[in-house]
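**Q** This is the structure, below, for whatever I ask next.
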Amino acid sequence: MSIKAVVFDAYGTLYDIQSVAEITEDAFPGYGELITQVWRIKQLEYSWLRSLMRRYQDFAVVTRDSLAYTLRMLGLAYDNDAFERVIGKYLQLDLYPDAAAALAALKPRKLAILSNGSPDMLDALVRNSGLDALLDATISVDAKKVFKPSPEAYELIGEMLGTQPSEVLFVSSNPWDAAGAKSFGLQVAWIERVTPEAMALACVENELVAPLTMFRAIRTQMDELGFAPDHRIRALSELPGIA
């Protein structure tokens, strides 16, 4: 069946979550990389835990709580200004360099984001990056009060765009998200930005595993969940060739 809509994950797919590292290092010299990786790990963990506990709080709250955990765990003192400056970067994340051109090349298909982000976070992020000129919809899981990879979150695509799952190509660099979307019945393109070969080499070449390497080991490699993506690509720029 032909693809009528291409729907993107936001964090880590269109927007580079590692772009917070500069501001975390500036705010907490010597701890920037560790803060960046632990913060993201706990951010995802809290979203899944809250879904399982049925104690939903939106992604803005989850993001603040996971940063507070990270700074407390590291024993770092901070004032409100420093905390807000770091949090504020989530509204100004860097786009991947090929994102805008890839989206433009996929028109006239419907283009949308489906993200765990709260509406206010996503609206600011999309507006600040200029993607509002290309997207037909920015969809937050907040409407269902449950985070991806819950099936209820992916239902929002059809409800908002009027599509069947088989008519949608869902794009994510997050393996857990790709598996969740495939389980729901969407066609899926997974962006494999870190190959298994590169991952293995990074682990064996260093006596100590760096925080970024550890993050990549647990969050960038395809999970063993029984749902393989339809397409494996290395960059957003490859999407026009498969959609």
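How things are named: the first chain in the structure tokens is A, the next is B, and so on; residues count from 1 in each chain; ligands count from 1 in the order shown.
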Need the shell around stretch 197-208 of chain A: protein/DNA/RNA residues with any atom at most 12 Å away, counting only C-alpha atoms. Skip same-chain ones fewer than 2 positions apart. Format as a ChimeraX atom specification?
**A** /A:192-195,210-222
**Q** If you run DSSP on this backbone, which residues of stretch 95-240 of chain A come out as strand (DSSP E or B), and could you give them as a PyMOL selection string?
**A** chain A and resi 95+110-115+137-140+168-172+187-191+231-233
**Q** Could you please take those selected residues and save N, CA, C and O atoms as a CSV table (one decimal), in the first residue's frame?
**A**
chain,number,residue,atom,x,y,z
A,95,LEU,N,18.6,20.8,15.2
A,95,LEU,CA,18.1,19.9,14.1
A,95,LEU,C,19.3,19.1,13.6
A,95,LEU,O,20.4,19.6,13.4
A,110,LYS,N,1.6,13.8,3.7
A,110,LYS,CA,1.4,14.4,5.0
A,110,LYS,C,2.6,14.1,5.8
A,110,LYS,O,3.1,13.0,5.9
A,111,LEU,N,3.1,15.2,6.5
A,111,LEU,CA,4.2,15.0,7.4
A,111,LEU,C,3.9,15.5,8.8
A,111,LEU,O,3.2,16.5,9.0
A,112,ALA,N,4.3,14.7,9.8
A,112,ALA,CA,3.9,15.0,11.2
A,112,ALA,C,5.0,14.5,12.1
A,112,ALA,O,5.8,13.6,11.8
A,113,ILE,N,4.9,15.0,13.3
A,113,ILE,CA,5.7,14.5,14.4
A,113,ILE,C,4.7,13.8,15.4
A,113,ILE,O,3.6,14.3,15.7
A,114,LEU,N,5.1,12.6,15.9
A,114,LEU,CA,4.5,12.0,17.1
A,114,LEU,C,5.5,11.9,18.1
A,114,LEU,O,6.5,11.1,18.0
A,115,SER,N,5.4,12.5,19.2
A,115,SER,CA,6.4,12.6,20.2
A,115,SER,C,5.9,12.5,21.6
A,115,SER,O,4.7,12.8,21.9
A,137,ALA,N,1.2,18.4,11.1
A,137,ALA,CA,0.8,18.2,12.4
A,137,ALA,C,1.9,17.9,13.4
A,137,ALA,O,2.9,17.3,13.0
A,138,THR,N,1.8,18.4,14.6
A,138,THR,CA,2.7,18.1,15.6
A,138,THR,C,1.9,17.4,16.7
A,138,THR,O,1.1,18.1,17.4
A,139,ILE,N,2.1,16.1,16.9
A,139,ILE,CA,1.2,15.3,17.8
A,139,ILE,C,1.9,15.0,19.0
A,139,ILE,O,3.0,14.4,19.0
A,140,SER,N,1.3,15.3,20.2
A,140,SER,CA,1.9,14.9,21.5
A,140,SER,C,1.1,13.8,22.1
A,140,SER,O,-0.2,13.8,22.0
A,168,VAL,N,1.1,4.5,6.8
A,168,VAL,CA,2.0,5.4,7.5
A,168,VAL,C,3.4,4.8,7.5
A,168,VAL,O,3.6,3.7,7.9
A,169,LEU,N,4.4,5.7,7.2
A,169,LEU,CA,5.8,5.3,7.4
A,169,LEU,C,6.2,6.1,8.7
A,169,LEU,O,6.2,7.3,8.7
A,170,PHE,N,6.6,5.3,9.7
A,170,PHE,CA,7.0,5.9,11.0
A,170,PHE,C,8.5,5.9,11.0
A,170,PHE,O,9.1,4.9,10.8
A,171,VAL,N,9.1,7.0,11.4
A,171,VAL,CA,10.6,7.2,11.3
A,171,VAL,C,11.1,7.5,12.7
A,171,VAL,O,10.7,8.4,13.4
A,172,SER,N,12.0,6.6,13.2
A,172,SER,CA,12.6,6.9,14.5
A,172,SER,C,14.0,6.3,14.6
A,172,SER,O,14.3,5.3,13.9
A,187,GLN,N,4.3,0.9,9.1
A,187,GLN,CA,5.5,0.7,8.4
A,187,GLN,C,6.6,1.5,9.1
A,187,GLN,O,6.4,2.7,9.5
A,188,VAL,N,7.8,1.0,9.3
A,188,VAL,CA,8.8,1.6,10.1
A,188,VAL,C,10.2,1.7,9.4
A,188,VAL,O,10.6,0.7,8.8
A,189,ALA,N,10.7,2.9,9.5
A,189,ALA,CA,12.1,3.1,9.1
A,189,ALA,C,12.9,3.5,10.3
A,189,ALA,O,12.6,4.5,11.0
A,190,TRP,N,13.9,2.7,10.6
A,190,TRP,CA,14.8,2.9,11.8
A,190,TRP,C,16.1,3.5,11.3
A,190,TRP,O,16.7,3.0,10.4
A,191,ILE,N,16.5,4.6,11.9
A,191,ILE,CA,17.7,5.3,11.6
A,191,ILE,C,18.8,4.7,12.5
A,191,ILE,O,18.9,5.0,13.7
A,231,HIS,N,12.7,-0.9,7.2
A,231,HIS,CA,13.8,-0.3,6.6
A,231,HIS,C,14.8,0.1,7.6
A,231,HIS,O,14.5,0.6,8.7
A,232,ARG,N,16.1,-0.1,7.3
A,232,ARG,CA,17.2,0.4,8.1
A,232,ARG,C,18.0,1.4,7.3
A,232,ARG,O,18.5,1.0,6.2
A,233,ILE,N,18.1,2.6,7.8
A,233,ILE,CA,18.8,3.6,7.1
A,233,ILE,C,19.8,4.2,8.0
A,233,ILE,O,19.8,4.0,9.2
**Q** As an MDAnalysis selection string, please: every residue in stretch 76-184 of chain A that a backbone DSSP assignment puts in helix (DSSP H, G or I).
**A** chainID A and resid 80:91 99:106 119:129 131:133 141:143 151:161 165:167 175:184
**Q** Skip stretch 12-14 of chain A itself and residues of its chain fewer than 3 positions away, then list as an MDAnalysis selection string all residues within 6 Å of it, counting only C-alpha atoms.
**A** chainID A and resid 9 17 95:96 99 172:173
**Q** Which of these residues is nearest to A:Ala77, using only C-alpha atoms: A:Glu152, A:Ala100, A:Lys4, A:Phe28?
**A**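 Comparing A:Glu152, A:Ala100, A:Lys4, A:Phe28 against A:Ala77, the winner is A:Phe28.
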**Q** Using only C-alpha atoms, can you tell me which of A:Phe227, A:Tyr154, A:Tyr69, A:Phe83 comes closest to A:Trp176?
**A** A:Phe227
**Q** Excluding A:Met121 and its own-chain neighbours fewer than 2 positions away, which residues fall within 12 Å of it when counting only C-alpha atoms? Please give them as a ChimeraX atom specification.
**A** /A:10-11,58-63,87-93,115-119,123-128,138-140,142
**Q** With N, CA and C atoms kept, could you save the residues just selected as a compact mmCIF listing (two decimals), in the first residue's frame?
**A**
# COMPACT_ATOMS: atom_id res chain seq x y z
N ALA A 10 10.53 12.84 17.47
CA ALA A 10 11.24 14.12 17.56
C ALA A 10 12.62 13.98 18.18
N TYR A 11 12.67 13.58 19.46
CA TYR A 11 13.92 13.60 20.21
C TYR A 11 14.84 12.45 19.81
N ASP A 58 3.25 15.06 32.34
CA ASP A 58 3.72 15.33 30.98
C ASP A 58 5.24 15.38 30.91
N PHE A 59 5.74 15.42 29.66
CA PHE A 59 7.17 15.27 29.43
C PHE A 59 7.97 16.44 29.98
N ALA A 60 7.35 17.58 30.13
CA ALA A 60 8.05 18.71 30.75
C ALA A 60 8.38 18.38 32.20
N VAL A 61 7.44 17.78 32.92
CA VAL A 61 7.67 17.38 34.30
C VAL A 61 8.71 16.26 34.36
N VAL A 62 8.56 15.27 33.48
CA VAL A 62 9.51 14.16 33.42
C VAL A 62 10.92 14.66 33.16
N THR A 63 11.06 15.63 32.26
CA THR A 63 12.37 16.16 31.92
C THR A 63 13.00 16.89 33.10
N ILE A 87 17.52 23.32 31.36
CA ILE A 87 16.21 22.84 30.90
C ILE A 87 15.79 23.55 29.62
N GLY A 88 16.08 24.82 29.53
CA GLY A 88 15.66 25.62 28.38
C GLY A 88 16.22 25.13 27.06
N LYS A 89 17.33 24.40 27.09
CA LYS A 89 17.93 23.89 25.85
C LYS A 89 16.99 22.92 25.15
N TYR A 90 16.11 22.27 25.88
CA TYR A 90 15.18 21.33 25.26
C TYR A 90 14.18 22.02 24.34
N LEU A 91 14.09 23.33 24.43
CA LEU A 91 13.24 24.09 23.51
C LEU A 91 14.04 24.61 22.32
N GLN A 92 15.35 24.37 22.35
CA GLN A 92 16.26 24.89 21.31
C GLN A 92 17.21 23.81 20.81
N LEU A 93 16.80 22.56 20.85
CA LEU A 93 17.67 21.48 20.39
C LEU A 93 18.06 21.67 18.94
N SER A 115 5.37 12.55 19.24
CA SER A 115 6.43 12.61 20.24
C SER A 115 5.88 12.48 21.65
N ASN A 116 6.74 11.98 22.54
CA ASN A 116 6.43 11.98 23.96
C ASN A 116 6.45 13.39 24.54
N GLY A 117 7.00 14.34 23.82
CA GLY A 117 7.08 15.71 24.31
C GLY A 117 5.73 16.30 24.62
N SER A 118 5.69 17.20 25.59
CA SER A 118 4.45 17.89 25.91
C SER A 118 4.13 18.89 24.80
N PRO A 119 2.86 19.30 24.66
CA PRO A 119 2.51 20.24 23.59
C PRO A 119 3.32 21.53 23.60
N ASP A 123 5.72 22.54 20.53
CA ASP A 123 5.38 23.75 19.76
C ASP A 123 6.56 24.71 19.71
N ALA A 124 7.21 24.90 20.85
CA ALA A 124 8.37 25.80 20.89
C ALA A 124 9.52 25.25 20.07
N LEU A 125 9.76 23.96 20.19
CA LEU A 125 10.89 23.33 19.48
C LEU A 125 10.69 23.40 17.97
N VAL A 126 9.49 23.08 17.52
CA VAL A 126 9.20 23.10 16.08
C VAL A 126 9.27 24.52 15.54
N ARG A 127 8.73 25.46 16.28
CA ARG A 127 8.75 26.86 15.84
C ARG A 127 10.19 27.40 15.81
N ASN A 128 10.95 27.12 16.85
CA ASN A 128 12.32 27.64 16.93
C ASN A 128 13.23 27.06 15.85
N THR A 138 1.80 18.42 14.57
CA THR A 138 2.72 18.07 15.65
C THR A 138 1.88 17.43 16.74
N ILE A 139 2.06 16.13 16.92
CA ILE A 139 1.17 15.35 17.77
C ILE A 139 1.90 14.96 19.05
N SER A 140 1.32 15.30 20.19
CA SER A 140 1.87 14.94 21.49
C SER A 140 1.07 13.80 22.10
N ASP A 142 0.42 13.54 24.95
CA ASP A 142 -0.33 14.11 26.07
C ASP A 142 -1.84 13.94 25.88
**Q** Restricting the calculation to only C-alpha atoms: of A:Glu155, A:Glu84, A:Asp16, A:Asp79, which residue gets closest to A:Pro97?
**A**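 Selected residue with least distance to A:Pro97: A:Asp16.
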**Q** Within 9 Å of A:Ile35, counting only C-alpha atoms, which residues qualify if same-chain residues fewer than 4 places away don't, as a PyMOL selection string?
**A** chain A and resi 21+24-25+28+31+39-40+67+70-71+74+211
**Q** Got time to write the residues from that selection, N, CA and C atoms, as a JSON list (two decimals), in the first residue's frame?
**A**
[["chain", "number", "residue", "atom", "x", "y", "z"],
["A", 21, "ALA", "N", 24.74, 18.88, 25.43],
["A", 21, "ALA", "CA", 26.01, 18.66, 26.12],
["A", 21, "ALA", "C", 26.81, 19.95, 26.33],
["A", 24, "THR", "N", 25.26, 21.76, 29.34],
["A", 24, "THR", "CA", 25.48, 21.07, 30.61],
["A", 24, "THR", "C", 26.94, 21.20, 31.05],
["A", 25, "GLU", "N", 27.84, 21.17, 30.09],
["A", 25, "GLU", "CA", 29.26, 21.33, 30.44],
["A", 25, "GLU", "C", 29.55, 22.75, 30.91],
["A", 28, "PHE", "N", 28.04, 22.99, 34.41],
["A", 28, "PHE", "CA", 28.68, 22.10, 35.38],
["A", 28, "PHE", "C", 29.98, 21.57, 34.79],
["A", 31, "TYR", "N", 31.41, 17.83, 34.15],
["A", 31, "TYR", "CA", 30.32, 16.86, 34.32],
["A", 31, "TYR", "C", 29.36, 16.84, 33.13],
["A", 39, "TRP", "N", 20.88, 11.98, 32.28],
["A", 39, "TRP", "CA", 19.62, 12.73, 32.16],
["A", 39, "TRP", "C", 18.70, 12.08, 31.14],
["A", 40, "ARG", "N", 19.22, 11.78, 29.97],
["A", 40, "ARG", "CA", 18.39, 11.18, 28.92],
["A", 40, "ARG", "C", 17.94, 9.77, 29.30],
["A", 67, "LEU", "N", 16.33, 15.51, 35.31],
["A", 67, "LEU", "CA", 17.52, 16.35, 35.50],
["A", 67, "LEU", "C", 17.80, 16.54, 36.99],
["A", 70, "THR", "N", 19.51, 13.51, 38.26],
["A", 70, "THR", "CA", 20.88, 13.42, 37.78],
["A", 70, "THR", "C", 21.81, 14.31, 38.59],
["A", 71, "LEU", "N", 21.40, 15.55, 38.82],
["A", 71, "LEU", "CA", 22.25, 16.47, 39.57],
["A", 71, "LEU", "C", 22.38, 16.05, 41.02],
["A", 74, "LEU", "N", 24.76, 13.08, 41.35],
["A", 74, "LEU", "CA", 26.17, 13.47, 41.20],
["A", 74, "LEU", "C", 26.64, 14.40, 42.32],
["A", 211, "PRO", "N", 30.74, 7.81, 29.12],
["A", 211, "PRO", "CA", 29.28, 7.92, 29.27],
["A", 211, "PRO", "C", 28.53, 7.88, 27.94]]
**Q** With distances taken over only C-alpha atoms, which of A:Ala5, A:Leu76, A:Leu186, A:Leu131 is nearest to A:Pro29?
**A**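 Selected residue with least distance to A:Pro29: A:Leu76.
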**Q** Which one is closest to A:Ser129: A:Pro108, A:Asp177, A:Ser47, A:Asp94? Count only C-alpha atoms.
**A** A:Asp94
